[in-house]
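Here is the structure we will look at, set down as structure tokens.
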Amino acid sequence: MSGAAIGFLRKTLTRADLAVIILFSIGTLLSFSLWSTREAGHRAVIVVDGQETGTFSLDAGHTTMRFEGAEGPFSIEIKDGRVRMKDSTCPGKYCVKTGWIGREGQMVCCVPNRVIIKIIDGTEAYDALAR
Amino acid sequence: MFVLFLLSSSLSCLNRDPSNGIHRRTQFLLGTVVEVTVVSRDPLVADSAISSAFERIREIEAEMSARLPGNQVDSIGKHAGEGPVRVSRELLALIETCRRYSALTHGAFDISIAPVTRLWKFDAPTTMIPSAEEVNAALSLVGFEMIHLDRNEGTISLDRPGMGLDLGGAAKGYAVDEAVRRLKESGITAGIVNAGGDLRSFGMKPDGTSWHIGIQDPRHQDRIIGSILLDDTALVTSGDYERYIVHEGVRYHHIIDPKTGWPARGCMSVSVASASALDADILSTAIFVLGPQEGMELLERLSGIDGMIVDADGRVSVSSGWEKRLKLHGGPSP
């Protein structure tokens, strides 16, 4: 910014104006960061028969959880930023065979038990996965 | 004042449309999870269009699934060897398309495979491998030349009792095409219909860019083997990892070679892109059965069709039309 412009601003803006501008900037930056934090996070969403049963962070360490599916119980395991269907009552066990997932948009599906485990981390690397 | 500004700034962020005009819904249909994504500024229009697309897929599943007794496909099988069965124009046209691809691929794709696929119990809790005698007996009932169509009468007949039709390699692709048609009729200009990985995209994303599609590594669900930007294109992958059983260290998967009655052994996965999901669905199965060399020759011969083959040893080959478009992320890990 040239010296003439700075001089012009000094003459035009009062201290109160400057305070308002600075506060507005801080407010905007802070609120954007709060908004971003809420959207981010590496999470697994569990959906049973169309109903969201829970959302779990994949960065919270090693854990195993048990849920009730449409046809029977199933359990998931979270470890090292990934999740898998650890066990399910379905006959073919394709959901268990799917193994670990950890990328945005990836899914483990159990059709007989009507369960979807989906990764959401806000990165939207792909719009869809061909598998 | 600070709090006031913080509040106003926060509200301005929260008011941003979190979907960015993209709306998604999933349903369990066609034996898999179907995800419909549409671009629309109006959530009500999006919701209505997605519901209509799901409804169309449900209609097709009811009519063409081999798992649902009492439908037209079931009826054709029940009357095999007895004479013609009247079917809808829609099913007649689909079977005609399938037969045309059977001829083109010299039987590598064949919907009369039903007597063999019935032997394989991929969904059973215990491993079921059919005997060679069972497979050979069932194979005698397989052959697309034994399917007869009468366009004027609107009928289908199968030559021998015990024959049947399995539209598993085509119905999903057809349903995806029909769902896209429904979305367009509902005023949607951009979106993706993804039926368990058999997908078709149309239009552009709200930011004016093409849809970015990842292709799964055939040996690791959590890895992507390649990615491509698509618009107005269907992409279907057939892989030996979708439905399979491992018996005494051998992987038996669901893509059966109609010539042998046993799982085709040349490939791990085949991805095919085409304007229509039906064509891509059929060709991905056919090329998987043909194997990497013959399959790539077919890919190169057909206009408007491109794709990628991962052979049984993990070697990746890409059709010439995809060489500059497909971004490879490394071959599959063992």
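Identifiers in this document derive from the order of the structure tokens: chains are assigned A, B, ..., residues are numbered from 1 separately in each chain, and ligands are numbered from 1 in order of occurrence.
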Might you pull out every residue within 10 Å of Glu52 (chain A), with only C-alpha atoms counted and same-chain residues fewer than 4 positions away left off, and present them as number ranges by chain? A: 45-48, 115-117
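Among B:Leu44, B:Ile111, B:Gly31, B:Asn20, the residue with the shortest atom-to-atom distance to Ser186 (chain B), counting only C-alpha atoms, is B:Leu44.
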Contact residues around Asp306 (chain B) with only C-alpha atoms at 12 Å, ignoring same-chain residues under 3 positions, as a ChimeraX atom specification: /B:228,233-237,270-275,279-280,283-284,287,295-303,309,317-326
Which parts of region 74-233 of chain B does DSSP call strand (DSSP E) when run on the backbone here, written out as number ranges by chain? B: 85-86, 147-150, 155-158, 191-195, 198-202, 211-216, 224-230, 233
In Å, how far is it from CA of Ala264 (chain B) to CA of Gly307 (chain B)?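 Separating CA of Ala264 (chain B) from CA of Gly307 (chain B) is a distance of 18.5 Å.
For region 99-133 of chain B, the set of residues given alpha helix (DSSP H) by DSSP on the backbone reads B:Arg99, B:Arg100, B:Tyr101, B:Ser102, B:Ala103, B:Leu104, B:Ala114, B:Pro115, B:Val116, B:Thr117, B:Ala132, B:Glu133.
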If we count only C-alpha atoms, what is near Ala70 (chain A) at a cut-off of 6 Å, once residues fewer than 2 positions away on the same chain are taken out, given as a list in words?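 Within the cut-off, the hits are Gly72, Asn113 and Arg114 of chain A.
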